[in-house]
$ cat my_file.txt   # compact mmCIF, C-alpha atoms
# COMPACT_ATOMS: atom_id res chain seq x y z
CA MET A 718 9.75 38.05 29.92
CA ALA A 719 7.80 39.30 26.91
CA SER A 720 10.91 39.40 24.73
CA GLY A 721 11.69 35.79 25.63
CA PHE A 722 8.14 34.75 24.69
CA PHE A 723 8.33 36.48 21.30
CA ALA A 724 11.78 34.98 20.71
CA LEU A 725 10.26 31.53 21.35
CA LEU A 726 7.48 32.25 18.84
CA ASP A 727 10.10 33.34 16.31
CA ASP A 728 12.03 30.10 16.82
CA ILE A 729 8.83 28.08 16.36
CA ALA A 730 8.01 29.99 13.15
CA THR A 731 11.52 29.37 11.82
CA LEU A 732 11.23 25.69 12.70
CA MET A 733 7.88 25.44 10.89
CA ASP A 734 9.34 27.14 7.81
CA ASP A 735 12.23 24.65 7.77
CA VAL A 736 9.84 21.75 8.29
CA SER A 737 7.60 22.99 5.47
CA VAL A 738 10.51 23.12 3.01
CA MET A 739 11.84 19.72 4.04
CA ALA A 740 8.36 18.18 3.95
CA LYS A 741 7.96 19.34 0.34
CA VAL A 742 11.27 17.71 -0.61
CA ALA A 743 10.41 14.48 1.21
CA GLY A 744 6.92 14.54 -0.30
CA LYS A 745 8.31 14.72 -3.84
CA LYS A 746 10.66 11.80 -3.17
CA THR A 747 7.86 9.65 -1.75
CA ALA A 748 5.21 10.64 -4.33
CA GLY A 749 5.87 7.59 -6.50
CA ILE A 750 5.66 5.08 -3.67
CA LEU A 751 2.52 6.80 -2.34
CA GLY A 752 0.91 6.29 -5.77
CA ASP A 753 1.85 2.63 -5.65
CA ASP A 754 0.54 2.44 -2.07
CA LEU A 755 -2.80 3.84 -3.23
CA ALA A 756 -3.12 1.33 -6.08
CA VAL A 757 -2.19 -1.64 -3.91
CA ASN A 758 -4.45 -0.72 -0.99
CA ALA A 759 -7.42 0.21 -3.18
CA GLU A 760 -7.25 -3.28 -4.69
CA LYS A 761 -6.92 -4.92 -1.27
CA ALA A 762 -9.78 -2.89 0.24
CA SER A 763 -12.23 -4.01 -2.46
CA GLY A 764 -14.16 -7.25 -2.81
CA PHE A 765 -16.39 -6.96 0.27
CA MET A 766 -20.14 -6.73 0.71
CA SER A 767 -21.29 -3.13 0.25
CA ASP A 768 -22.27 -2.61 3.88
CA ARG A 769 -18.91 -3.98 5.08
CA GLU A 770 -16.60 -1.86 2.90
CA ILE A 771 -16.23 1.10 5.25
CA PRO A 772 -15.92 -0.97 8.48
CA VAL A 773 -13.27 -3.17 6.83
CA LEU A 774 -11.46 -0.13 5.45
CA TRP A 775 -11.49 1.43 8.93
CA LYS A 776 -9.89 -1.73 10.34
CA ILE A 777 -7.15 -1.52 7.71
CA THR A 778 -6.67 2.21 8.39
CA LYS A 779 -6.27 1.58 12.13
CA GLY A 780 -3.79 -1.18 11.32
CA SER A 781 -1.90 1.23 9.06
CA LEU A 782 -1.72 3.86 11.83
CA LEU A 783 -0.45 1.22 14.24
CA ASN A 784 2.15 0.22 11.64
CA LYS A 785 3.40 3.81 11.51
CA ILE A 786 3.51 4.06 15.31
CA ILE A 787 5.65 0.92 15.42
CA ILE A 788 7.89 1.77 12.46
CA LEU A 789 8.70 5.43 13.18
CA PRO A 790 10.65 5.11 16.46
CA ILE A 791 12.39 1.94 15.27
CA ALA A 792 13.39 3.66 12.01
CA PHE A 793 14.88 6.65 13.87
CA LEU A 794 16.81 4.40 16.24
CA LEU A 795 18.10 2.05 13.54
CA SER A 796 19.01 4.93 11.25
CA ALA A 797 21.06 6.47 14.06
CA PHE A 798 22.73 3.36 15.48
CA VAL A 799 22.39 0.39 13.07
CA PRO A 800 21.88 1.80 9.56
CA ILE A 801 22.65 -1.54 7.87
CA ALA A 802 19.53 -3.00 9.52
CA ILE A 803 17.38 -0.60 7.48
CA THR A 804 18.73 -2.10 4.26
CA VAL A 805 18.20 -5.67 5.50
CA ILE A 806 14.59 -4.91 6.45
CA LEU A 807 13.95 -3.27 3.08
CA ILE A 808 15.34 -6.28 1.18
CA ILE A 809 13.18 -8.71 3.18
CA GLY A 810 10.15 -6.53 2.51
CA GLY A 811 11.05 -6.36 -1.18
CA LEU A 812 11.16 -10.16 -1.37
CA TYR A 813 7.66 -10.36 0.11
CA LEU A 814 6.22 -7.71 -2.24
CA ALA A 815 7.83 -9.38 -5.28
CA TYR A 816 6.43 -12.75 -4.19
CA GLU A 817 2.93 -11.32 -3.72
CA GLY A 818 3.00 -9.70 -7.16
CA ALA A 819 4.27 -12.89 -8.84
CA GLU A 820 1.66 -14.97 -7.01
CA LYS A 821 -1.14 -12.76 -8.35
CA ILE A 822 0.15 -13.19 -11.91
CA TYR A 823 0.53 -16.95 -11.44
CA GLU A 824 -3.00 -17.32 -10.07
CA PHE A 825 -4.40 -15.28 -12.97
CA PHE A 826 -2.88 -17.59 -15.59
CA VAL A 827 -3.03 -20.81 -13.53
CA PRO A 828 -6.22 -20.59 -11.45
CA HIS A 829 -6.49 -23.08 -8.61
CA ALA A 830 -9.43 -25.44 -8.38
CA HIS A 831 -10.21 -24.47 -4.79
CA HIS A 832 -10.50 -20.83 -5.82
CA GLU A 833 -13.15 -21.72 -8.39
CA GLU A 834 -15.14 -23.70 -5.83
CA LYS A 835 -15.48 -20.79 -3.41
CA PRO A 836 -19.08 -19.47 -3.25
CA ALA A 837 -19.91 -15.87 -4.06
CA LEU A 838 -19.87 -13.42 -1.16
CA GLN A 839 -23.67 -13.25 -0.96
CA ASP A 840 -23.85 -17.06 -0.71
CA ARG A 841 -21.41 -17.38 2.19
CA SER A 842 -22.40 -17.79 5.81
CA GLU A 843 -21.72 -15.08 8.37
CA GLU A 844 -18.80 -17.10 9.77
CA GLU A 845 -17.28 -17.50 6.28
CA LEU A 846 -17.63 -13.77 5.58
CA LEU A 847 -15.95 -12.86 8.87
CA ALA A 848 -13.10 -15.29 8.16
CA TYR A 849 -12.73 -13.87 4.64
CA GLU A 850 -12.65 -10.31 5.98
CA LYS A 851 -10.10 -11.22 8.65
CA GLU A 852 -7.83 -12.85 6.07
CA LYS A 853 -7.98 -9.89 3.68
CA VAL A 854 -7.53 -7.31 6.44
CA LYS A 855 -4.49 -9.20 7.76
CA SER A 856 -2.98 -9.36 4.26
CA ALA A 857 -3.69 -5.66 3.64
CA ILE A 858 -2.11 -4.58 6.94
CA LEU A 859 0.98 -6.72 6.30
CA THR A 860 1.44 -5.24 2.83
CA ASP A 861 0.83 -1.76 4.26
CA PHE A 862 3.56 -2.42 6.85
CA ILE A 863 6.13 -3.17 4.15
CA LEU A 864 5.09 -0.20 2.01
CA SER A 865 5.12 2.01 5.11
CA VAL A 866 8.71 0.98 5.86
CA GLU A 867 9.69 1.99 2.33
CA ILE A 868 7.86 5.33 2.56
CA ILE A 869 9.34 6.19 5.94
CA ILE A 870 12.88 5.22 4.94
CA ILE A 871 12.69 7.28 1.74
CA ALA A 872 11.34 10.27 3.69
CA LEU A 873 14.05 9.80 6.32
CA GLY A 874 16.70 9.72 3.63
CA ALA A 875 15.45 13.06 2.30
CA VAL A 876 16.19 14.78 5.64
CA THR A 877 19.42 13.02 6.56
CA GLY A 878 21.82 15.46 8.18
CA GLU A 879 19.05 17.67 9.56
CA GLU A 880 18.42 18.13 13.26
CA LEU A 881 16.69 15.20 14.94
CA VAL A 882 13.62 17.28 15.81
CA ASN A 883 13.19 18.27 12.17
CA GLN A 884 13.61 14.67 11.04
CA ILE A 885 10.96 13.44 13.46
CA ILE A 886 8.44 16.14 12.49
CA VAL A 887 8.94 15.82 8.71
CA VAL A 888 8.90 12.02 8.56
CA SER A 889 5.89 11.88 10.90
CA ILE A 890 4.00 14.29 8.63
CA ILE A 891 4.77 12.14 5.58
CA ALA A 892 3.68 9.00 7.49
CA LEU A 893 0.40 10.64 8.52
CA VAL A 894 -0.31 11.82 4.98
CA ALA A 895 0.49 8.34 3.70
CA THR A 896 -2.28 6.95 5.89
CA VAL A 897 -4.99 9.61 5.93
CA GLY A 898 -4.51 10.65 2.30
CA VAL A 899 -4.22 7.18 0.79
CA TYR A 900 -7.05 5.56 2.73
CA GLY A 901 -9.26 8.62 2.33
CA ILE A 902 -8.98 8.29 -1.46
CA VAL A 903 -9.48 4.52 -1.20
CA ALA A 904 -12.72 5.12 0.73
CA LEU A 905 -13.97 7.42 -2.04
CA ILE A 906 -13.14 4.82 -4.68
CA VAL A 907 -14.86 1.88 -3.00
CA ARG A 908 -18.00 3.95 -2.36
CA MET A 909 -18.35 5.19 -5.93
CA ASP A 910 -21.33 2.93 -6.59
CA GLU A 911 -23.18 4.07 -3.44
CA PHE A 912 -22.70 7.71 -4.40
CA GLY A 913 -23.84 6.90 -7.94
CA ALA A 914 -27.00 5.22 -6.61
CA LYS A 915 -27.81 8.30 -4.52
CA LEU A 916 -27.43 10.51 -7.59
CA ILE A 917 -29.78 8.27 -9.55
CA ASN A 918 -32.38 8.51 -6.78
CA LEU A 919 -31.82 12.25 -6.30
CA ASN A 920 -34.95 13.13 -8.27
CA GLU A 921 -37.84 11.42 -10.02
CA GLU A 922 -36.88 12.64 -13.48
CA ASP A 923 -35.77 10.11 -16.06
CA ASP A 924 -32.49 10.54 -17.91
CA SER A 925 -31.52 13.62 -15.90
CA PHE A 926 -27.93 14.82 -15.55
CA SER A 927 -27.68 13.30 -12.06
CA ASP A 928 -28.97 9.98 -13.46
CA LYS A 929 -26.32 9.95 -16.16
CA VAL A 930 -23.52 10.73 -13.70
CA GLY A 931 -24.87 8.16 -11.23
CA ILE A 932 -25.12 5.42 -13.85
CA PHE A 933 -21.61 6.25 -15.04
CA LEU A 934 -20.22 5.91 -11.49
CA VAL A 935 -22.06 2.64 -10.83
CA ASN A 936 -20.87 1.12 -14.12
CA ALA A 937 -17.36 2.49 -13.72
CA LEU A 938 -16.64 1.00 -10.28
CA PRO A 939 -16.06 -2.63 -11.40
CA LYS A 940 -13.75 -1.40 -14.16
CA VAL A 941 -11.89 0.88 -11.73
CA ILE A 942 -11.44 -1.97 -9.23
CA LYS A 943 -10.25 -4.32 -11.98
CA GLY A 944 -7.88 -1.67 -13.27
CA LEU A 945 -6.56 -1.00 -9.77
CA SER A 946 -6.02 -4.73 -9.30
CA ILE A 947 -3.78 -4.76 -12.37
CA ILE A 948 -2.06 -1.49 -11.39
CA GLY A 949 -1.65 -2.75 -7.82
CA THR A 950 0.08 -5.92 -9.01
CA ILE A 951 2.43 -3.92 -11.23
CA ALA A 952 3.03 -1.53 -8.34
CA LEU A 953 4.08 -4.41 -6.07
CA LEU A 954 6.67 -5.50 -8.64
CA LEU A 955 7.89 -1.95 -9.27
CA VAL A 956 8.28 -1.17 -5.57
CA SER A 957 10.12 -4.43 -4.89
CA GLY A 958 12.37 -3.98 -7.92
CA GLY A 959 13.13 -0.43 -6.81
CA ILE A 960 14.12 -1.70 -3.36
CA PHE A 961 16.62 -4.15 -4.88
CA ARG A 962 18.00 -1.65 -7.38
CA HIS A 963 18.50 1.16 -4.87
CA ASN A 964 19.84 -0.91 -1.97
CA LEU A 965 22.01 -3.57 -3.62
CA HIS A 966 25.06 -2.04 -5.28
CA PHE A 967 25.74 -4.94 -7.66
CA VAL A 968 22.13 -4.86 -8.87
CA HIS A 969 22.30 -1.09 -9.31
CA ASP A 970 25.50 -1.42 -11.35
CA LEU A 971 24.02 -4.24 -13.45
CA PHE A 972 20.99 -2.16 -14.44
CA HIS A 973 22.71 1.22 -14.42
CA SER A 974 22.02 1.95 -18.11
CA TRP A 975 18.46 0.61 -18.08
CA PRO A 976 15.37 2.83 -17.82
CA GLY A 977 14.46 2.86 -14.13
CA MET A 978 10.86 1.63 -14.44
CA LEU A 979 11.76 -1.20 -16.82
CA ALA A 980 14.61 -2.35 -14.59
CA ASP A 981 12.40 -2.28 -11.49
CA LEU A 982 9.61 -4.23 -13.20
CA LEU A 983 11.99 -6.88 -14.56
CA LEU A 984 13.73 -7.25 -11.19
CA GLY A 985 10.41 -7.56 -9.37
CA LEU A 986 9.19 -10.20 -11.83
CA VAL A 987 12.36 -12.31 -11.76
CA VAL A 988 12.83 -12.19 -7.99
CA GLY A 989 9.11 -12.67 -7.38
CA PHE A 990 8.89 -15.84 -9.46
CA VAL A 991 12.11 -17.20 -7.97
CA VAL A 992 10.66 -16.75 -4.46
CA LEU A 993 7.30 -18.15 -5.61
CA LEU A 994 8.96 -21.29 -7.04
CA LEU A 995 11.00 -21.77 -3.86
CA ILE A 996 7.91 -21.48 -1.66
CA MET A 997 5.85 -23.79 -3.89
CA GLY A 998 8.72 -26.29 -3.92
CA GLY A 999 9.09 -26.05 -0.16
CA LYS A 1000 5.37 -26.72 0.32
CA LYS A 1001 5.57 -29.82 -1.84
CA ILE A 1002 8.64 -31.11 -0.01
CA PHE A 1003 7.33 -30.54 3.50
CA LYS A 1004 3.65 -31.35 2.81
CA PRO A 1005 4.07 -35.18 3.22
CA ALA A 1006 5.98 -34.67 6.46
CA SER A 1007 3.27 -32.48 7.96
CA ALA A 1008 0.41 -34.72 6.79

$ encode --input "my_file.txt" --output "structure tokens"
Amino acid sequence: MASGFFALLDDIATLMDDVSVMAKVAGKKTAGILGDDLAVNAEKASGFMSDREIPVLWKITKGSLLNKIIILPIAFLLSAFVPIAITVILIIGGLYLAYEGAEKIYEFFVPHAHHEEKPALQDRSEEELLAYEKEKVKSAILTDFILSVEIIIIALGAVTGEELVNQIIVVSIIALVATVGVYGIVALIVRMDEFGAKLINLNEEDDSFSDKVGIFLVNALPKVIKGLSIIGTIALLLVSGGIFRHNLHFVHDLFHSWPGMLADLLLGLVVGFVVLLLIMGGKKIFKPASA
């Protein structure tokens, strides 16, 4: 009886060792996409009233966890029985990410009149703020879903051929880290100014070390958010371009000799603006009919 118990413990220890090694390999392969995920979600989680940042971020985090719960079992089943479906889903997700990145660039250079007419957050009614939050949360969760699919598929590819139990444990660990780690860092970023204000008020001395650090954090937040907005847009294009390059053989062959990042960025830009033009054209065509 005792020997059987210790044999079970030994098997568990061996399993954990194997999982640890495989998780490190999968973690390295998903590190790039996790960085992109951080940049994209930090940009999407900003732009709210100070007292609403954490509640909104918590909504997005819960949506992200739900995304993982939905994606994980489907990914395991599709990978086992309909592997081609994984590629199709990735391509569709890549089209959406490319479109979103291209749309951000287009709106930066060609701002819409209705965007300029929108009042500042502090001037909006409670109903308008709630509608704005709902729209941004929905957009963030949708983007998270697509990025989560990419992360999970890459992690799954790193453990292909391993026992099913090992695959489930490793990929689930990566999925959990992708949520807790990314949104934990995002929470720290969006609360930089609050932490800076507390440092400034830490003592009554003028020009103290805590004051200098606090002022730096308060002044740095808008620049960090703006920088993350730019990085997030580039990340959308890079991720989408990488999806096309790694999952479409003719695209991979076409850009085989190109530097990977340059090829991904160019692919994301071209595909994104093609999709953007098609959607804009479709809206113009069908707008009279729906009016």

$ atom_distance --input "my_file.txt" --atom1 "atom CA of Leu783 of chain A" --atom2 "atom CA of Ile801 of chain A"
24.1 Å

$ closest_residue --input "my_file.txt" --among "A:Val907, A:Val805, A:Leu814, A:Leu789" --to "Ser856 of chain A" --atoms "all atoms listed in the file"
A:Leu814

$ residues_around --input "my_file.txt" --residues "segment 925-942 of chain A" --least-positions-apart "4" --cutoff "7 Å" --atoms "all atoms listed in the file" --output "ChimeraX atom specification"
/A:760,909-910,913-914,916-917,946

$ atom_distance --input "my_file.txt" --atom1 "atom CA of Pro800 of chain A" --atom2 "atom CA of Val887 of chain A"
19.1 Å

$ closest_residue --input "my_file.txt" --among "A:Glu911, A:Glu867, A:Glu770, A:Asp861" --to "Phe961 of chain A" --atoms "all atoms listed in the file"
A:Glu867

$ residues_around --input "my_file.txt" --residues "segment 968-981 of chain A" --least-positions-apart "3" --cutoff "8 Å" --atoms "only C-alpha atoms" --output "list in words"
Leu954, Leu955, Val956, Ser957, Gly958, Gly959, Phe961, Arg962, His963, Asn964, Leu965, Leu984 and Gly985 of chain A

$ atom_distance --input "my_file.txt" --atom1 "atom CA of Asn883 of chain A" --atom2 "atom CA of Ser796 of chain A"
14.6 Å

$ closest_residue --input "my_file.txt" --among "A:Val799, A:Ile858, A:Lys785, A:Leu807" --to "Ile890 of chain A" --atoms "only C-alpha atoms"
A:Lys785
